[in-house]
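model.tsv follows; it contains TSV, N, CA and C atoms.
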chain	number	residue	atom	x	y	z
A	261	SER	N	-195.13	-59.46	126.61
A	261	SER	CA	-196.04	-58.34	126.41
A	261	SER	C	-197.05	-58.68	125.32
A	262	ALA	N	-198.09	-57.91	125.27
A	262	ALA	CA	-199.15	-58.15	124.30
A	262	ALA	C	-198.65	-57.95	122.87
A	263	ILE	N	-197.81	-56.95	122.68
A	263	ILE	CA	-197.29	-56.69	121.33
A	263	ILE	C	-196.39	-57.84	120.88
A	264	GLN	N	-195.53	-58.30	121.77
A	264	GLN	CA	-194.66	-59.43	121.45
A	264	GLN	C	-195.51	-60.65	121.08
A	265	GLY	N	-196.61	-60.84	121.78
A	265	GLY	CA	-197.49	-61.96	121.49
A	265	GLY	C	-198.11	-61.87	120.11
A	266	GLN	N	-198.50	-60.67	119.72
A	266	GLN	CA	-199.09	-60.47	118.39
A	266	GLN	C	-198.04	-60.72	117.30
A	267	ILE	N	-196.83	-60.29	117.54
A	267	ILE	CA	-195.75	-60.52	116.57
A	267	ILE	C	-195.50	-62.02	116.44
A	268	GLN	N	-195.45	-62.72	117.57
A	268	GLN	CA	-195.23	-64.16	117.55
A	268	GLN	C	-196.37	-64.88	116.85
A	269	ARG	N	-197.56	-64.33	116.97
A	269	ARG	CA	-198.74	-64.93	116.34
A	269	ARG	C	-198.60	-64.96	114.81
A	270	VAL	N	-198.00	-63.92	114.24
A	270	VAL	CA	-197.77	-63.88	112.80
A	270	VAL	C	-196.94	-65.08	112.37
A	271	CYS	N	-195.87	-65.34	113.09
A	271	CYS	CA	-194.99	-66.48	112.76
A	271	CYS	C	-195.71	-67.81	112.97
A	272	LYS	N	-196.50	-67.89	114.03
A	272	LYS	CA	-197.24	-69.13	114.32
A	272	LYS	C	-198.24	-69.44	113.21
A	273	VAL	N	-198.98	-68.43	112.78
A	273	VAL	CA	-199.96	-68.64	111.71
A	273	VAL	C	-199.26	-69.05	110.42
A	274	ALA	N	-198.13	-68.41	110.12
A	274	ALA	CA	-197.39	-68.77	108.90
A	274	ALA	C	-196.93	-70.22	108.96
A	275	LYS	N	-196.46	-70.68	110.11
A	275	LYS	CA	-196.03	-72.07	110.26
A	275	LYS	C	-197.20	-73.04	110.13
A	276	GLU	N	-198.36	-72.64	110.67
A	276	GLU	CA	-199.54	-73.51	110.58
A	276	GLU	C	-200.06	-73.61	109.14
A	277	LEU	N	-200.05	-72.50	108.43
A	277	LEU	CA	-200.56	-72.49	107.06
A	277	LEU	C	-199.62	-73.17	106.08
A	278	PHE	N	-198.33	-73.03	106.31
A	278	PHE	CA	-197.32	-73.60	105.41
A	278	PHE	C	-196.29	-74.38	106.22
A	279	PRO	N	-196.69	-75.54	106.75
A	279	PRO	CA	-195.80	-76.29	107.65
A	279	PRO	C	-194.53	-76.81	106.99
A	280	ASN	N	-194.53	-76.95	105.68
A	280	ASN	CA	-193.35	-77.49	105.00
A	280	ASN	C	-192.42	-76.41	104.47
A	281	GLN	N	-192.70	-75.15	104.79
A	281	GLN	CA	-191.85	-74.05	104.34
A	281	GLN	C	-191.25	-73.32	105.53
A	282	SER	N	-190.12	-72.70	105.29
A	282	SER	CA	-189.53	-71.88	106.35
A	282	SER	C	-190.31	-70.57	106.45
A	283	ILE	N	-190.17	-69.93	107.58
A	283	ILE	CA	-190.82	-68.62	107.77
A	283	ILE	C	-190.32	-67.64	106.72
A	284	LEU	N	-189.06	-67.72	106.39
A	284	LEU	CA	-188.48	-66.82	105.38
A	284	LEU	C	-189.14	-67.03	104.02
A	285	ASP	N	-189.35	-68.29	103.64
A	285	ASP	CA	-190.02	-68.57	102.37
A	285	ASP	C	-191.49	-68.18	102.39
A	286	THR	N	-192.12	-68.32	103.54
A	286	THR	CA	-193.54	-68.01	103.66
A	286	THR	C	-193.80	-66.50	103.68
A	287	LEU	N	-193.08	-65.79	104.53
A	287	LEU	CA	-193.36	-64.37	104.73
A	287	LEU	C	-192.50	-63.46	103.86
A	288	GLY	N	-191.35	-63.93	103.44
A	288	GLY	CA	-190.44	-63.11	102.65
A	288	GLY	C	-189.45	-62.35	103.53
A	289	GLU	N	-188.37	-61.92	102.90
A	289	GLU	CA	-187.30	-61.25	103.63
A	289	GLU	C	-187.75	-59.99	104.36
A	290	ASP	N	-188.57	-59.18	103.71
A	290	ASP	CA	-188.99	-57.90	104.30
A	290	ASP	C	-189.75	-58.10	105.60
A	291	ILE	N	-190.71	-59.02	105.61
A	291	ILE	CA	-191.53	-59.24	106.80
A	291	ILE	C	-190.72	-59.91	107.90
A	292	VAL	N	-189.92	-60.91	107.56
A	292	VAL	CA	-189.10	-61.60	108.57
A	292	VAL	C	-188.13	-60.62	109.20
A	293	GLU	N	-187.52	-59.80	108.39
A	293	GLU	CA	-186.60	-58.79	108.90
A	293	GLU	C	-187.33	-57.83	109.84
A	294	CYS	N	-188.51	-57.41	109.45
A	294	CYS	CA	-189.31	-56.51	110.26
A	294	CYS	C	-189.70	-57.15	111.60
A	295	VAL	N	-190.09	-58.41	111.57
A	295	VAL	CA	-190.48	-59.12	112.79
A	295	VAL	C	-189.30	-59.16	113.78
A	296	HIS	N	-188.13	-59.52	113.30
A	296	HIS	CA	-186.97	-59.60	114.20
A	296	HIS	C	-186.54	-58.22	114.69
A	297	TRP	N	-186.62	-57.22	113.82
A	297	TRP	CA	-186.26	-55.87	114.25
A	297	TRP	C	-187.22	-55.39	115.33
A	298	ARG	N	-188.50	-55.63	115.12
A	298	ARG	CA	-189.50	-55.17	116.09
A	298	ARG	C	-189.32	-55.88	117.42
A	299	ARG	N	-189.08	-57.18	117.40
A	299	ARG	CA	-188.86	-57.91	118.66
A	299	ARG	C	-187.64	-57.35	119.40
A	300	GLY	N	-186.55	-57.17	118.67
A	300	GLY	CA	-185.34	-56.64	119.30
A	300	GLY	C	-185.55	-55.25	119.84
A	301	ALA	N	-186.21	-54.38	119.08
A	301	ALA	CA	-186.46	-53.01	119.53
A	301	ALA	C	-187.36	-52.98	120.75
A	302	LEU	N	-188.40	-53.82	120.76
A	302	LEU	CA	-189.29	-53.86	121.92
A	302	LEU	C	-188.58	-54.34	123.18
A	303	LEU	N	-187.73	-55.33	123.04
A	303	LEU	CA	-186.98	-55.81	124.20
A	303	LEU	C	-186.02	-54.74	124.71
A	304	TYR	N	-185.38	-54.03	123.78
A	304	TYR	CA	-184.48	-52.95	124.19
A	304	TYR	C	-185.26	-51.86	124.94
A	305	MET	N	-186.42	-51.46	124.40
A	305	MET	CA	-187.21	-50.41	125.05
A	305	MET	C	-187.77	-50.89	126.39
A	306	TYR	N	-188.11	-52.16	126.48
A	306	TYR	CA	-188.56	-52.73	127.75
A	306	TYR	C	-187.46	-52.62	128.79
A	307	CYS	N	-186.24	-52.96	128.41
A	307	CYS	CA	-185.11	-52.86	129.34
A	307	CYS	C	-184.86	-51.41	129.73
A	308	HIS	N	-184.95	-50.53	128.76
A	308	HIS	CA	-184.77	-49.10	129.05
A	308	HIS	C	-185.82	-48.62	130.05
A	309	THR	N	-187.06	-49.06	129.87
A	309	THR	CA	-188.13	-48.68	130.78
A	309	THR	C	-187.90	-49.23	132.17
A	310	LEU	N	-187.47	-50.49	132.25
A	310	LEU	CA	-187.17	-51.08	133.56
A	310	LEU	C	-186.11	-50.28	134.29
A	311	GLU	N	-185.10	-49.90	133.58
A	311	GLU	CA	-183.97	-49.19	134.18
A	311	GLU	C	-184.34	-47.76	134.57
A	312	SER	N	-185.20	-47.12	133.79
A	312	SER	CA	-185.51	-45.71	134.03
A	312	SER	C	-186.63	-45.49	135.04
A	313	ASN	N	-187.24	-46.54	135.55
A	313	ASN	CA	-188.32	-46.40	136.53
A	313	ASN	C	-187.80	-46.21	137.95
A	314	ASN	N	-186.52	-45.93	138.09
A	314	ASN	CA	-185.89	-45.73	139.40
A	314	ASN	C	-186.07	-46.92	140.32
A	315	ARG	N	-186.27	-48.07	139.72
A	315	ARG	CA	-186.31	-49.32	140.48
A	315	ARG	C	-185.18	-50.18	139.98
A	316	GLN	N	-184.65	-50.98	140.84
A	316	GLN	CA	-183.58	-51.89	140.46
A	316	GLN	C	-184.22	-53.13	139.83
A	317	PRO	N	-184.08	-53.32	138.50
A	317	PRO	CA	-184.67	-54.51	137.89
A	317	PRO	C	-183.94	-55.77	138.33
A	318	ASP	N	-184.63	-56.89	138.28
A	318	ASP	CA	-184.02	-58.18	138.57
A	318	ASP	C	-182.88	-58.39	137.57
A	319	PRO	N	-181.64	-58.51	138.04
A	319	PRO	CA	-180.50	-58.60	137.12
A	319	PRO	C	-180.60	-59.76	136.12
A	320	ALA	N	-181.08	-60.90	136.55
A	320	ALA	CA	-181.17	-62.06	135.65
A	320	ALA	C	-182.20	-61.80	134.55
A	321	HIS	N	-183.34	-61.26	134.93
A	321	HIS	CA	-184.39	-60.96	133.95
A	321	HIS	C	-183.92	-59.87	132.99
A	322	PHE	N	-183.29	-58.85	133.52
A	322	PHE	CA	-182.77	-57.75	132.71
A	322	PHE	C	-181.76	-58.26	131.70
A	323	LYS	N	-180.83	-59.09	132.16
A	323	LYS	CA	-179.81	-59.65	131.27
A	323	LYS	C	-180.43	-60.54	130.20
A	324	GLN	N	-181.40	-61.36	130.59
A	324	GLN	CA	-182.06	-62.25	129.64
A	324	GLN	C	-182.76	-61.43	128.54
A	325	CYS	N	-183.46	-60.38	128.93
A	325	CYS	CA	-184.15	-59.55	127.94
A	325	CYS	C	-183.16	-58.85	127.01
A	326	LEU	N	-182.07	-58.36	127.56
A	326	LEU	CA	-181.05	-57.73	126.72
A	326	LEU	C	-180.46	-58.73	125.73
A	327	GLU	N	-180.13	-59.92	126.22
A	327	GLU	CA	-179.55	-60.94	125.34
A	327	GLU	C	-180.52	-61.35	124.24
A	328	GLU	N	-181.80	-61.51	124.59
A	328	GLU	CA	-182.80	-61.88	123.59
A	328	GLU	C	-182.96	-60.76	122.57
A	329	GLY	N	-182.94	-59.50	123.04
A	329	GLY	CA	-183.06	-58.37	122.13
A	329	GLY	C	-181.90	-58.30	121.16
A	330	VAL	N	-180.69	-58.50	121.65
A	330	VAL	CA	-179.51	-58.49	120.78
A	330	VAL	C	-179.58	-59.64	119.79
A	331	GLN	N	-180.01	-60.81	120.26
A	331	GLN	CA	-180.13	-61.97	119.38
A	331	GLN	C	-181.13	-61.69	118.26
A	332	GLU	N	-182.25	-61.07	118.58
A	332	GLU	CA	-183.25	-60.74	117.55
A	332	GLU	C	-182.66	-59.77	116.53
A	333	LEU	N	-181.91	-58.78	116.99
A	333	LEU	CA	-181.31	-57.82	116.06
A	333	LEU	C	-180.23	-58.49	115.20
A	334	GLU	N	-179.49	-59.43	115.76
A	334	GLU	CA	-178.50	-60.16	114.97
A	334	GLU	C	-179.18	-61.00	113.88
A	335	VAL	N	-180.29	-61.63	114.23
A	335	VAL	CA	-181.03	-62.41	113.24
A	335	VAL	C	-181.57	-61.48	112.15
A	336	MET	N	-182.06	-60.31	112.56
A	336	MET	CA	-182.55	-59.34	111.59
A	336	MET	C	-181.45	-58.97	110.60
A	337	LEU	N	-180.26	-58.75	111.11
A	337	LEU	CA	-179.14	-58.37	110.24
A	337	LEU	C	-178.71	-59.49	109.32
A	338	SER	N	-178.97	-60.72	109.69
A	338	SER	CA	-178.53	-61.85	108.87
A	338	SER	C	-179.64	-62.41	107.98
A	339	THR	N	-180.82	-61.78	108.00
A	339	THR	CA	-181.94	-62.28	107.21
A	339	THR	C	-181.64	-62.23	105.71
A	340	ARG	N	-181.09	-61.15	105.26
A	340	ARG	CA	-180.76	-61.00	103.83
A	340	ARG	C	-179.29	-61.33	103.61
A	341	GLN	N	-179.02	-61.84	102.46
A	341	GLN	CA	-177.64	-62.14	102.09
A	341	GLN	C	-177.04	-60.95	101.36
A	342	PRO	N	-175.77	-60.66	101.57
A	342	PRO	CA	-175.13	-59.57	100.83
A	342	PRO	C	-175.29	-59.78	99.32
A	343	THR	N	-175.36	-58.68	98.61
A	343	THR	CA	-175.58	-58.71	97.17
A	343	THR	C	-174.26	-58.77	96.43
A	344	ALA	N	-174.16	-59.69	95.48
A	344	ALA	CA	-172.97	-59.76	94.63
A	344	ALA	C	-173.13	-58.72	93.52
A	345	VAL	N	-172.08	-58.01	93.24
A	345	VAL	CA	-172.11	-56.94	92.23
A	345	VAL	C	-171.33	-57.40	91.00
A	346	PRO	N	-171.97	-57.31	89.85
A	346	PRO	CA	-171.24	-57.65	88.62
A	346	PRO	C	-170.02	-56.75	88.45
A	347	SER	N	-168.98	-57.29	87.88
A	347	SER	CA	-167.72	-56.55	87.76
A	347	SER	C	-167.81	-55.35	86.82
A	348	ASN	N	-168.82	-55.31	85.96
A	348	ASN	CA	-168.92	-54.20	85.01
A	348	ASN	C	-169.66	-52.98	85.59
A	349	ILE	N	-170.04	-53.02	86.86
A	349	ILE	CA	-170.74	-51.90	87.50
A	349	ILE	C	-169.77	-51.16	88.41
A	350	ALA	N	-169.74	-49.84	88.25
A	350	ALA	CA	-168.85	-49.01	89.08
A	350	ALA	C	-169.40	-48.95	90.50
A	351	ALA	N	-168.54	-49.15	91.46
A	351	ALA	CA	-168.94	-49.15	92.86
A	351	ALA	C	-169.06	-47.71	93.37
A	352	ASP	N	-170.12	-47.47	94.13
A	352	ASP	CA	-170.26	-46.21	94.83
A	352	ASP	C	-170.57	-46.55	96.29
A	353	ASP	N	-170.80	-45.53	97.13
A	353	ASP	CA	-171.02	-45.78	98.55
A	353	ASP	C	-172.24	-46.66	98.80
A	354	SER	N	-173.34	-46.39	98.09
A	354	SER	CA	-174.57	-47.18	98.29
A	354	SER	C	-174.35	-48.64	97.90
A	355	LEU	N	-173.71	-48.83	96.79
A	355	LEU	CA	-173.45	-50.18	96.31
A	355	LEU	C	-172.54	-50.94	97.28
A	356	GLN	N	-171.58	-50.24	97.84
A	356	GLN	CA	-170.68	-50.86	98.81
A	356	GLN	C	-171.47	-51.31	100.05
A	357	LEU	N	-172.42	-50.49	100.50
A	357	LEU	CA	-173.25	-50.88	101.64
A	357	LEU	C	-174.08	-52.12	101.33
A	358	PHE	N	-174.67	-52.18	100.13
A	358	PHE	CA	-175.44	-53.36	99.74
A	358	PHE	C	-174.58	-54.62	99.75
A	359	THR	N	-173.38	-54.53	99.25
A	359	THR	CA	-172.51	-55.71	99.20
A	359	THR	C	-172.11	-56.18	100.59
A	360	GLN	N	-172.20	-55.27	101.58
A	360	GLN	CA	-171.87	-55.63	102.96
A	360	GLN	C	-173.11	-56.05	103.76
A	361	GLY	N	-174.27	-56.08	103.09
A	361	GLY	CA	-175.49	-56.52	103.77
A	361	GLY	C	-176.26	-55.42	104.45
A	362	VAL	N	-175.94	-54.16	104.16
A	362	VAL	CA	-176.68	-53.03	104.72
A	362	VAL	C	-177.70	-52.61	103.67
A	363	PHE	N	-178.97	-52.91	103.92
A	363	PHE	CA	-180.01	-52.69	102.92
A	363	PHE	C	-180.93	-51.53	103.24
A	364	SER	N	-180.86	-51.01	104.48
A	364	SER	CA	-181.74	-49.90	104.84
A	364	SER	C	-181.13	-49.17	106.03
A	365	ASP	N	-181.74	-48.05	106.38
A	365	ASP	CA	-181.26	-47.31	107.54
A	365	ASP	C	-181.48	-48.11	108.83
A	366	THR	N	-182.41	-49.03	108.84
A	366	THR	CA	-182.64	-49.88	110.00
A	366	THR	C	-181.39	-50.70	110.33
A	367	HIS	N	-180.68	-51.15	109.32
A	367	HIS	CA	-179.46	-51.92	109.53
A	367	HIS	C	-178.38	-51.07	110.19
A	368	LEU	N	-178.45	-49.77	110.01
A	368	LEU	CA	-177.43	-48.89	110.56
A	368	LEU	C	-177.71	-48.48	111.99
A	369	LEU	N	-178.95	-48.66	112.44
A	369	LEU	CA	-179.32	-48.28	113.80
A	369	LEU	C	-178.63	-49.22	114.75

Take the structure I supplied and represent it as structure tokens, if you would.
Amino acid sequence: SAIQGQIQRVCKVAKELFPNQSILDTLGEDIVECVHWRRGALLYMYCHTLESNNRQPDPAHFKQCLEEGVQELEVMLSTRQPTAVPSNIAADDSLQLFTQGVFSDTHLL
């Protein structure tokens, strides 16, 4: 899709401008996480649209899109590393989520 192409273009430009750095180092955790979340969400919505158009989607294409969408969301979830908490800080629910790698409501979706 056109939107997927624009998202991919961001990564391509980053690689061209900084060929010796990883995308994560170039764009930062927030942007990389956003790119993977958006790709995964778009693939999920594309599959939902295919299924809801009262047409039988091509099973192989449908499965491939679902798998790619899940893979993008898994990469999004693994972009940031869990936070280590110093022992002198009292743990609460928010802090526990951070230590498990849940940094925003997007991670909970």

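Counting all atoms listed in the file, the residue from A:Glu332, A:Arg299, A:Lys323, A:Ile283 that sits nearest to A:Gln264 is A:Arg299.
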
Original post:
Mind pulling up the distance from atom CA of A:Phe322 to atom CA of A:Val335?
Top reply: 20.1 Å

Subject >> Residue with smallest distance to A:Tyr306 - pool A:Leu355, A:Val273, A:Ile267, A:Leu326, counting only C-alpha atoms >> reply: A:Leu326

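Taking atom C of A:Gly329 and atom N of A:Ala301 as the two end points, the separation is 6.2 Å.
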
Original post:
Which of these residues is nearest to A:Met305, using only C-alpha atoms: A:Gln266, A:Val330, A:Leu357, A:Ser338?
Top reply: A:Val330

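With only N, CA and C atoms as the atoms that count, the minimum distance from A:Cys325 to the choices A:Asp285, A:Leu303, A:Lys275, A:Asn313 is reached by A:Leu303.
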